[in-house]
Structure formats: structure tokens, C-alpha cells
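What's in model19.tsv: TSV, C-alpha atoms
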chain	number	residue	atom	x	y	z
A	49	MET	CA	25.85	-3.37	5.59
A	50	ILE	CA	22.27	-3.49	4.36
A	51	GLY	CA	21.11	-2.29	7.77
A	52	GLN	CA	22.69	1.11	7.09
A	53	ARG	CA	20.28	1.56	4.20
A	54	VAL	CA	17.12	-0.36	5.10
A	55	SER	CA	14.82	-0.94	8.06
A	56	ILE	CA	11.75	-3.19	8.03
A	57	VAL	CA	8.35	-2.08	9.34
A	58	VAL	CA	5.69	-4.74	9.93
A	59	LEU	CA	2.10	-3.60	10.44
A	60	THR	CA	-0.19	-5.74	12.58
A	61	PHE	CA	-3.50	-5.82	14.43
A	62	ASN	CA	-4.68	-8.79	16.51
A	63	ARG	CA	-2.84	-11.39	14.44
A	64	ARG	CA	-0.32	-12.63	16.93
A	65	ASP	CA	0.19	-16.06	15.39
A	66	GLU	CA	0.56	-14.76	11.83
A	67	LEU	CA	2.99	-12.13	13.09
A	68	ARG	CA	5.12	-14.73	14.87
A	69	ARG	CA	5.42	-16.68	11.63
A	70	THR	CA	6.35	-13.57	9.66
A	71	LEU	CA	8.97	-12.52	12.21
A	72	SER	CA	10.42	-16.04	12.10
A	73	GLU	CA	10.82	-15.64	8.35
A	74	LEU	CA	12.36	-12.19	8.76
A	75	ALA	CA	14.85	-13.63	11.28
A	76	ARG	CA	16.82	-14.80	8.24
A	77	VAL	CA	17.52	-11.17	7.33
A	78	ASP	CA	20.94	-9.75	8.23
A	79	GLU	CA	21.01	-8.76	11.91
A	80	SER	CA	22.11	-5.26	10.97
A	81	VAL	CA	18.59	-4.62	9.67
A	82	ARG	CA	16.33	-3.11	12.27
A	83	ILE	CA	12.82	-4.63	12.42
A	84	VAL	CA	9.99	-2.51	13.82
A	85	VAL	CA	6.49	-3.82	14.47
A	86	ALA	CA	3.81	-1.13	14.29
A	87	ASP	CA	1.09	-2.59	16.51
A	88	ASN	CA	-2.33	-1.07	15.87
A	89	ALA	CA	-3.47	-1.38	19.51
A	90	SER	CA	-3.77	-5.17	19.44
A	91	THR	CA	-5.58	-6.79	22.36
A	92	ASP	CA	-4.38	-10.37	21.82
A	93	GLY	CA	-1.01	-10.07	23.55
A	94	THR	CA	0.88	-9.25	20.35
A	95	ALA	CA	3.36	-6.83	21.91
A	96	GLU	CA	4.15	-9.13	24.84
A	97	THR	CA	4.62	-12.12	22.54
A	98	VAL	CA	7.03	-10.20	20.30
A	99	ALA	CA	9.05	-9.03	23.31
A	100	ARG	CA	9.28	-12.60	24.61
A	101	CYS	CA	9.90	-14.50	21.37
A	102	HIS	CA	11.68	-11.93	19.20
A	103	PRO	CA	13.81	-9.69	21.43
A	104	ARG	CA	15.63	-8.34	18.36
A	105	VAL	CA	12.39	-6.68	17.19
A	106	ASP	CA	11.25	-3.25	18.36
A	107	VAL	CA	7.53	-2.64	18.92
A	108	VAL	CA	5.78	0.69	18.43
A	109	ARG	CA	2.50	0.39	20.34
A	110	LEU	CA	-0.18	2.68	18.94
A	111	PRO	CA	-2.95	3.97	21.21
A	112	ARG	CA	-5.70	2.95	18.75
A	113	ASN	CA	-6.14	1.10	15.48
A	114	LEU	CA	-5.12	3.55	12.74
A	115	GLY	CA	-5.37	1.07	9.87
A	116	ALA	CA	-2.72	1.62	7.21
A	117	ALA	CA	-1.67	4.88	8.86
A	118	GLY	CA	-0.06	2.80	11.59
A	119	ARG	CA	2.84	2.47	9.16
A	120	ASN	CA	3.57	6.17	9.59
A	121	ALA	CA	4.63	5.64	13.21
A	122	GLY	CA	6.80	2.71	12.17
A	123	ALA	CA	8.54	4.79	9.52
A	124	ARG	CA	9.09	7.67	11.94
A	125	ALA	CA	10.77	5.24	14.36
A	126	CYS	CA	13.34	4.32	11.69
A	127	THR	CA	16.46	6.28	10.79
A	128	THR	CA	17.56	4.56	7.57
A	129	PRO	CA	16.96	6.18	4.16
A	130	TYR	CA	14.73	3.29	3.04
A	131	VAL	CA	11.92	1.42	4.78
A	132	ALA	CA	10.69	-2.00	3.61
A	133	PHE	CA	7.04	-2.39	4.56
A	134	CYS	CA	5.45	-5.74	5.41
A	135	ASP	CA	2.12	-6.83	6.76
A	136	ASP	CA	1.82	-9.54	9.37
A	137	ASP	CA	1.40	-12.11	6.58
A	138	THR	CA	4.06	-10.85	4.14
A	139	TRP	CA	7.85	-10.90	4.33
A	140	TRP	CA	10.86	-9.92	2.24
A	141	THR	CA	13.59	-12.33	1.24
A	142	PRO	CA	17.06	-11.17	2.35
A	143	GLN	CA	18.40	-10.79	-1.19
A	144	SER	CA	15.33	-8.81	-2.23
A	145	LEU	CA	16.12	-6.12	0.32
A	146	HIS	CA	19.46	-5.60	-1.42
A	147	CYS	CA	17.78	-5.63	-4.84
A	148	ALA	CA	15.16	-3.00	-4.01
A	149	ALA	CA	17.64	-0.78	-2.15
A	150	ASP	CA	20.04	-0.91	-5.10
A	151	VAL	CA	17.29	0.24	-7.45
A	152	LEU	CA	16.46	3.15	-5.14
A	153	ASP	CA	20.16	4.02	-4.93
A	154	ARG	CA	20.45	4.13	-8.73
A	155	HIS	CA	17.33	6.25	-9.24
A	156	PRO	CA	17.22	9.22	-6.85
A	157	THR	CA	13.79	10.37	-8.11
A	158	LEU	CA	12.25	6.98	-7.32
A	159	ALA	CA	10.19	7.03	-4.12
A	160	ALA	CA	8.96	3.44	-3.99
A	161	VAL	CA	9.77	-0.01	-5.34
A	162	THR	CA	7.03	-2.63	-5.22
A	163	ALA	CA	8.17	-6.24	-5.22
A	164	ARG	CA	6.81	-9.31	-6.97
A	165	VAL	CA	4.41	-11.08	-4.62
A	166	LEU	CA	4.46	-14.87	-4.37
A	167	VAL	CA	1.50	-16.44	-2.59
A	168	GLY	CA	1.40	-19.50	-0.34
A	169	THR	CA	3.72	-22.47	-0.06
A	170	GLU	CA	3.34	-23.12	-3.79
A	171	ARG	CA	4.70	-19.61	-4.44
A	172	ARG	CA	2.20	-18.77	-7.15
A	173	ASP	CA	2.24	-15.31	-8.67
A	174	ASP	CA	-0.30	-12.92	-7.25
A	175	PRO	CA	-2.45	-11.64	-10.18
A	176	THR	CA	-1.33	-8.14	-9.24
A	177	ASN	CA	2.15	-8.96	-10.57
A	178	ALA	CA	0.87	-9.25	-14.14
A	179	ARG	CA	-1.12	-6.06	-13.79
A	180	MET	CA	1.90	-4.13	-12.55
A	181	ALA	CA	4.08	-5.63	-15.29
A	182	ALA	CA	1.53	-4.43	-17.87
A	183	SER	CA	1.66	-0.81	-16.71
A	184	PRO	CA	1.06	1.55	-19.65
A	185	LEU	CA	3.25	4.30	-18.19
A	186	PRO	CA	6.56	4.86	-20.00
A	187	ASN	CA	9.65	3.51	-18.27
A	188	ALA	CA	11.52	6.77	-18.59
A	189	LEU	CA	13.89	5.95	-15.73
A	190	GLY	CA	14.91	2.61	-17.23
A	191	VAL	CA	14.10	0.66	-14.07
A	192	PRO	CA	14.38	-3.16	-14.26
A	193	GLY	CA	10.62	-3.51	-14.41
A	194	THR	CA	7.87	-0.96	-15.01
A	195	GLU	CA	6.97	2.49	-13.78
A	196	LEU	CA	3.70	2.76	-11.86
A	197	LEU	CA	1.34	5.25	-10.36
A	198	GLY	CA	0.80	3.14	-7.28
A	199	LEU	CA	2.36	0.74	-4.82
A	200	LEU	CA	1.51	-2.25	-2.64
A	201	GLY	CA	1.58	-1.23	1.00
A	202	GLY	CA	2.63	-4.64	2.31
A	203	ALA	CA	5.23	-5.32	-0.37
A	204	CYS	CA	7.09	-2.11	-1.11
A	205	MET	CA	10.33	-0.41	-0.14
A	206	ILE	CA	9.95	3.32	0.17
A	207	ARG	CA	12.22	6.31	0.46
A	208	ARG	CA	11.53	7.35	4.03
A	209	ASP	CA	11.97	11.11	3.57
A	210	ALA	CA	9.65	11.18	0.56
A	211	PHE	CA	7.03	9.11	2.39
A	212	LEU	CA	7.02	11.33	5.46
A	213	ALA	CA	7.20	14.57	3.46
A	214	VAL	CA	3.83	13.87	1.79
A	215	GLY	CA	2.29	12.81	5.08
A	216	GLY	CA	2.44	9.03	4.69
A	217	TYR	CA	-0.91	7.23	4.81
A	218	ASP	CA	-3.93	9.37	5.64
A	219	PRO	CA	-5.73	8.00	8.74
A	220	HIS	CA	-9.12	9.19	7.43
A	221	LEU	CA	-9.11	6.39	4.84
A	222	PHE	CA	-8.18	3.67	7.35
A	223	LEU	CA	-8.09	0.90	4.71
A	224	GLY	CA	-8.90	0.99	1.04
A	225	CYS	CA	-7.45	3.36	-1.59
A	226	GLU	CA	-4.96	4.73	0.94
A	227	GLU	CA	-2.21	3.54	-1.40
A	228	ALA	CA	-3.84	5.46	-4.26
A	229	LEU	CA	-3.87	8.74	-2.35
A	230	LEU	CA	-0.27	8.25	-1.27
A	231	ALA	CA	0.79	7.46	-4.86
A	232	VAL	CA	-0.97	10.51	-6.29
A	233	ASP	CA	0.63	12.74	-3.66
A	234	LEU	CA	4.07	11.27	-4.28
A	235	MET	CA	3.82	11.82	-8.04
A	236	SER	CA	2.41	15.31	-7.45
A	237	ALA	CA	5.52	16.06	-5.39
A	238	GLY	CA	7.77	14.97	-8.26
A	239	TRP	CA	8.47	11.39	-7.21
A	240	ARG	CA	8.25	8.19	-9.28
A	241	MET	CA	7.26	4.61	-8.41
A	242	ALA	CA	8.18	1.25	-9.94
A	243	TYR	CA	7.50	-2.47	-9.98
A	244	VAL	CA	10.71	-4.51	-9.83
A	245	PRO	CA	9.98	-8.24	-10.24
A	246	GLN	CA	13.51	-9.25	-9.25
A	247	ALA	CA	12.60	-8.29	-5.68
A	248	ILE	CA	10.42	-10.91	-3.97
A	249	VAL	CA	7.91	-10.65	-1.13
A	250	HIS	CA	6.13	-13.77	0.12
A	251	HIS	CA	2.49	-13.66	1.13
A	252	ASP	CA	0.73	-16.30	3.20
A	253	PRO	CA	-2.76	-14.78	3.41
A	254	SER	CA	-4.39	-14.52	6.80
A	255	ARG	CA	-7.92	-15.88	7.13
A	256	ALA	CA	-8.84	-13.14	9.62
A	257	ARG	CA	-10.61	-10.74	7.26
A	258	ASP	CA	-13.94	-8.97	7.15
A	259	VAL	CA	-14.49	-8.94	3.39
A	260	ALA	CA	-17.81	-7.05	3.46
A	261	ALA	CA	-16.43	-4.28	5.66
A	262	ARG	CA	-13.39	-3.92	3.44
A	263	ARG	CA	-15.56	-3.63	0.35
A	264	ARG	CA	-17.61	-0.84	1.94
A	265	LEU	CA	-14.46	1.02	2.93
A	266	ALA	CA	-12.92	0.62	-0.52
A	267	LEU	CA	-16.09	1.92	-2.19
A	268	ARG	CA	-16.32	4.92	0.14
A	269	ASN	CA	-12.63	5.71	-0.11
A	270	ALA	CA	-12.62	5.57	-3.91
A	271	LEU	CA	-15.30	8.25	-3.82
A	272	TRP	CA	-13.35	10.33	-1.31
A	273	LEU	CA	-10.16	9.97	-3.34
A	274	ALA	CA	-11.88	11.28	-6.47
A	275	TRP	CA	-13.17	14.35	-4.65
A	276	LEU	CA	-9.82	14.95	-2.98
A	277	ARG	CA	-7.58	14.82	-6.06
A	278	ARG	CA	-9.52	14.56	-9.34
A	279	PRO	CA	-11.09	17.35	-11.48
A	280	TRP	CA	-14.80	18.00	-11.05
A	281	ARG	CA	-15.95	15.89	-13.97
A	282	ARG	CA	-13.93	12.89	-12.76
A	283	ALA	CA	-15.25	13.32	-9.24
A	284	ILE	CA	-18.81	13.45	-10.54
A	285	ALA	CA	-18.22	10.31	-12.61
A	286	ALA	CA	-16.85	8.56	-9.50
A	287	THR	CA	-19.98	9.60	-7.62
A	288	ARG	CA	-22.15	7.95	-10.27
A	289	THR	CA	-20.10	4.76	-9.95
A	290	TRP	CA	-20.40	4.87	-6.15
A	291	LEU	CA	-24.17	5.34	-6.43
A	292	ALA	CA	-24.59	2.43	-8.86
A	293	GLU	CA	-22.52	0.07	-6.71
A	294	SER	CA	-24.27	1.14	-3.52
A	295	LEU	CA	-27.66	0.47	-5.09
A	296	ARG	CA	-26.49	-2.88	-6.42
A	297	ASP	CA	-25.30	-3.89	-2.95
A	298	GLY	CA	-28.48	-2.63	-1.29
A	299	GLU	CA	-26.37	-0.41	0.96
A	300	LEU	CA	-27.22	3.09	-0.27
A	301	CYS	CA	-28.34	4.54	3.07
A	302	ARG	CA	-25.45	3.06	5.00
A	303	ASN	CA	-22.88	4.02	2.35
A	304	ALA	CA	-24.28	7.54	2.09
A	305	ALA	CA	-23.99	8.04	5.84
A	306	ASP	CA	-20.37	6.88	5.73
A	307	ALA	CA	-19.52	9.05	2.74
A	308	VAL	CA	-21.08	12.25	4.11
A	309	CYS	CA	-18.90	12.03	7.24
A	310	GLY	CA	-15.89	12.88	5.11
A	311	VAL	CA	-17.26	16.07	3.57
A	312	PRO	CA	-15.66	18.58	6.00
A	313	TRP	CA	-12.28	16.89	5.66
A	314	ILE	CA	-12.54	16.73	1.87
A	315	VAL	CA	-13.47	20.41	1.65
A	316	ARG	CA	-10.37	21.29	3.68
A	317	ARG	CA	-8.04	18.90	1.88
A	318	ARG	CA	-9.23	19.01	-1.74
A	319	ARG	CA	-6.21	19.67	-3.92
A	320	VAL	CA	-6.55	18.66	-7.56
A	321	ALA	CA	-3.53	16.73	-8.79
A	322	PRO	CA	-1.21	18.48	-11.28
A	323	PRO	CA	-1.90	17.96	-14.99
A	324	HIS	CA	0.88	15.38	-15.46
A	325	VAL	CA	-0.57	13.23	-12.66
A	326	GLU	CA	-4.11	13.50	-14.00
A	327	GLN	CA	-2.80	12.59	-17.46
A	328	ALA	CA	-1.12	9.49	-16.00
A	329	LEU	CA	-4.34	8.49	-14.25
A	330	CYS	CA	-6.29	8.90	-17.49
A	331	THR	CA	-3.70	6.86	-19.39
A	332	ILE	CA	-4.08	4.04	-16.88
A	333	GLU	CA	-7.87	4.16	-16.95
A	334	THR	CA	-8.01	4.17	-20.74
A	335	PHE	CA	-5.54	1.29	-20.99
A	336	TYR	CA	-7.39	-1.00	-18.62
A	337	ALA	CA	-10.79	-0.05	-19.99
A	338	ALA	CA	-9.56	-1.37	-23.34
A	339	LYS	CA	-7.96	-4.42	-21.68
A	340	PRO	CA	-10.31	-5.31	-18.83
A	341	ARG	CA	-8.59	-8.63	-18.15
A	342	VAL	CA	-4.90	-8.55	-17.36
A	343	GLY	CA	-3.20	-11.35	-15.46
A	344	GLY	CA	-6.36	-13.44	-15.22
A	345	ALA	CA	-8.36	-10.96	-13.13
A	346	ARG	CA	-10.83	-8.27	-14.10
A	347	ARG	CA	-9.37	-4.82	-13.74
A	348	ASP	CA	-10.91	-2.06	-11.71
A	349	VAL	CA	-10.09	1.01	-13.75
A	350	ALA	CA	-10.84	3.66	-11.16
A	351	SER	CA	-7.10	4.14	-10.58
A	352	GLN	CA	-3.88	2.20	-10.74
A	353	SER	CA	-3.82	2.02	-6.96
A	354	ARG	CA	-7.21	0.32	-6.91
A	355	LEU	CA	-5.52	-1.99	-9.40
A	356	MET	CA	-3.33	-2.89	-6.46
A	357	ARG	CA	-6.16	-3.29	-4.02
A	358	GLN	CA	-5.04	-4.64	-0.70
A	359	SER	CA	-4.11	-8.22	-0.36
A	360	SER	CA	-2.44	-6.85	2.75
A	361	THR	CA	-3.51	-7.21	6.39
A	362	LYS	CA	-3.93	-4.06	8.37
A	363	GLY	CA	-6.82	-4.72	10.68
Conversion result in C-alpha cells:
Amino acid sequence: MIGQRVSIVVLTFNRRDELRRTLSELARVDESVRIVVADNASTDGTAETVARCHPRVDVVRLPRNLGAAGRNAGARACTTPYVAFCDDDTWWTPQSLHCAADVLDRHPTLAAVTARVLVGTERRDDPTNARMAASPLPNALGVPGTELLGLLGGACMIRRDAFLAVGGYDPHLFLGCEEALLAVDLMSAGWRMAYVPQAIVHHDPSRARDVAARRRLALRNALWLAWLRRPWRRAIAATRTWLAESLRDGELCRNAADAVCGVPWIVRRRRVAPPHVEQALCTIETFYAAKPRVGGARRDVASQSRLMRQSSTKG
């Protein structure tokens, strides 16, 4: 049974109606598959609605909104070797769970499989699909897709032990570049990641988003990521980029105040990635600098995880 291999974790925050739709879609999945909702301290009656309308689903109620790190609690609540992550506006097809799990079974050094994302009722390809398919990293494992240095948090199946061993998502980042830090730490620990287009995740984007706040977080977190894991010269280059973008947005003072808050944590946690990881990051940056448009969208070359910037919904 697929439920012996895979559990599903759905992350949500104050999106009760979107979550109900997603859980209705996931109801088509084999009943052996455990579904866990990681509720980031919602105040809109999410937990009560799930208990009433979807008694099959377990809810992990978090004491506060942890952003992407809410997924860590969901993964810890599972006991299967693999966890398929969703957001409250994304869902896996039943056959895709089998597909992704089979790939993980065949490749024991693979930590994560990211699925092809189809958007809306018209099921159009998310531009991220083309970018992942164009990955310049060699497919040394021979996966049915491409190898990546990155993943999509709301559309990936992950090896639970590997995820928890590297600490999962860091709560300091909240949202933005948290996938990049996780990917770097997974590769640093000897794990690989892949895009497998035969696996499908549907995405019906929620309208409940604060775009400006997310941009500020992504900009700050890209800076933090560089200082956490990149060599000095790369971190300094990232600081110049952060400064230019902050000035362009007219947010230098505000952004600086946000960035400085992370200094004590960064000093404690700075650990430069091993040479093979840094080489992979440089390969990705060089590739997309030479090909700034892949899949119809301009590439952000700061890292391959920023390539896969959240279309997910975490709060």
C-alpha cells in the first residue's frame, strides 16, 4: 500500500476555504495515506472546520505562525519514510504519489523529488517547470527528469529522515529562500534532489497574499543565505545586490533594520558550504546569467532555489 511509504503534510495559515478545497481533492488519494495538516496558528476556525468536514485528516496545531518551518512539525508527526508536502492551494494526484515514491525507492541518495506544477483549471505549466527542466547540473543518477540544487516546498516529496536530519526549514527565514537553505544543507550532507515531470501537483493560487511583504522577506533572506553558506566574496556580492535593490525600492532603512536583526544568528550558524556545493551554485548562476530567460520568465540567478521562488502559500 502506498500509505506504508508516503504521508501527506499540508501547510496552512488562515485559508480555511482554500484548505477545504485542497483536502477535497486529496480525498481521492488512497485511504491508507495519512494526511496531516500543519496549522500555523490559524484564527479563522481552520482546525475546527477540518475536524468537522474531514475526520480522516489529522491536525497539528502550532502555537504560533512559523511560516515554512511549520512543515517540520508535520513531518515529525509522520512515520512513513517519505512525506509529500502540499500547501493549502496545491495537491498531489494519486498516481503521482506512486511515481515520486518509486523514484525515491530507486535512488537511495535522492532526498527530494519536485513534481511538475500545473496551474488553475486550464492546467497550464508553471514557468518554474521549464526552469527546472533546464537545470545545468549533470543527471548523474539517471533520474527521469533533471537533477537540481533546490526544491519546491509545496510540490515536493522528501525523504523524511534526510529532511529532519538537516533540521528541516529554518524558522528564522519564515518565508523566502528557506528552500534554498534547505537544499544547500541537503547537498552538503551528501543528498541529491531532482525534478520529475511525470509526477504532477496541481496549484490553484490563493488570492490571499501580501506581495510587498514577501518581496522584502525574500530580499532579506537572500542576503542572510549568502552570509550563512557562501564564501566571503559571494556574500559581499550578495550584499551589494541587496543594497542596490533596497535603494531602488526606497526601503533601505527598513530593510537594513530587518537584516541587522539576523546578525547574531548568522554569526552562530555561518557554515560555508563544501566545495562541491559551491561549485554547483556557481554552475547554476553562470548558466542562468548566460540564459536570463528560460521558460518565458526572467531568471533570478542568486541561487537555484530562488529560481524556485515560492508560488506556495505559507502565511
For atom CA of A:Asp252 and atom CA of A:Thr70, determine how far apart the two atoms are, in Å to one decimal place.
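Distance reported for this atom pair: 9.0 Å.
For the pair atom CA of A:Leu74 and atom CA of A:Arg240, the separation is 27.5 Å.
Of note, atom CA of A:Arg76 and atom CA of A:Arg109 are spaced 24.1 Å apart.
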List as a list in words the protein and nucleic acid residues near A:Arg278, meaning an atom at most 8 Å away when only C-alpha atoms are counted, but skip any in the same chain fewer than 5 places from it.
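In the requested form, the answer reads Leu273, Ala283, Val320, Ala321 and Glu326 of chain A.
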Centre, edges in Å (one decimal): axis-aligned box, stretch 158-164 of chain A, 5 Å padding on all six sides, as AutoDock Vina command-line options:
--center_x 9.5 --center_y -1.1 --center_z -5.7 --size_x 15.4 --size_y 26.3 --size_z 13.3
Using all atoms listed in the file, which of A:Arg63, A:Arg318, A:Arg119, A:His155 sits nearest A:Glu227?
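Of the candidates, the smallest distance to A:Glu227 is held by A:Arg119.
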Distance criterion (only C-alpha atoms): nearest to A:Arg112 out of A:Ala86, A:Met49, A:Ala338, A:Met180:
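Answer, going by the shortest atom-to-atom distance: A:Ala86.
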Tell me which of A:Arg317, A:Trp275, A:Arg263, A:Gly190 sits closest to A:Glu293, counting all atoms listed in the file.
A:Arg263
Here is a test: counting all atoms listed in the file, which residue of A:Ile332, A:Ser90, A:Glu299, A:Cys147 is nearest to A:Pro186?
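For A:Pro186, the nearest of the candidates is A:Ile332.
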Among the residues A:Ala132, A:Leu158, A:Ala116, A:Cys309, the one that comes closest to A:Cys225 [using all atoms listed in the file]:
A:Ala116
Skip A:Pro219 itself and residues of its chain fewer than 2 positions away, then list as a list of chain:residue names all residues within 12 Å of it, counting all atoms listed in the file.
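Counting all atoms listed in the file, the residues come to A:Arg112, A:Asn113, A:Leu114, A:Gly115, A:Ala116, A:Ala117, A:Gly118, A:Arg119, A:Asn120, A:Ala121, A:Gly215, A:Gly216, A:Tyr217, A:Leu221, A:Phe222, A:Leu223, A:Gly224, A:Cys225, A:Glu226, A:Glu227, A:Leu229, A:Leu230, A:Asn269, A:Gly310, A:Trp313.
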Residue subset to file, keeping C-alpha atoms, as an mmCIF file, keeping the file's coordinate frame:
data_model
loop_
_atom_site.group_PDB
_atom_site.id
_atom_site.type_symbol
_atom_site.label_atom_id
_atom_site.label_comp_id
_atom_site.auth_asym_id
_atom_site.auth_seq_id
_atom_site.Cartn_x
_atom_site.Cartn_y
_atom_site.Cartn_z
ATOM 1 C CA ARG A 112 -5.700 2.950 18.750
ATOM 2 C CA ASN A 113 -6.140 1.100 15.480
ATOM 3 C CA LEU A 114 -5.120 3.550 12.740
ATOM 4 C CA GLY A 115 -5.370 1.070 9.870
ATOM 5 C CA ALA A 116 -2.720 1.620 7.210
ATOM 6 C CA ALA A 117 -1.670 4.880 8.860
ATOM 7 C CA GLY A 118 -0.060 2.800 11.590
ATOM 8 C CA ARG A 119 2.840 2.470 9.160
ATOM 9 C CA ASN A 120 3.570 6.170 9.590
ATOM 10 C CA ALA A 121 4.630 5.640 13.210
ATOM 11 C CA GLY A 215 2.290 12.810 5.080
ATOM 12 C CA GLY A 216 2.440 9.030 4.690
ATOM 13 C CA TYR A 217 -0.910 7.230 4.810
ATOM 14 C CA LEU A 221 -9.110 6.390 4.840
ATOM 15 C CA PHE A 222 -8.180 3.670 7.350
ATOM 16 C CA LEU A 223 -8.090 0.900 4.710
ATOM 17 C CA GLY A 224 -8.900 0.990 1.040
ATOM 18 C CA CYS A 225 -7.450 3.360 -1.590
ATOM 19 C CA GLU A 226 -4.960 4.730 0.940
ATOM 20 C CA GLU A 227 -2.210 3.540 -1.400
ATOM 21 C CA LEU A 229 -3.870 8.740 -2.350
ATOM 22 C CA LEU A 230 -0.270 8.250 -1.270
ATOM 23 C CA ASN A 269 -12.630 5.710 -0.110
ATOM 24 C CA GLY A 310 -15.890 12.880 5.110
ATOM 25 C CA TRP A 313 -12.280 16.890 5.660
#
Minimum-distance residue to A:Ile314, chosen among A:Arg277, A:Arg262, A:Arg296, A:Arg53 (using all atoms listed in the file):
A:Arg277
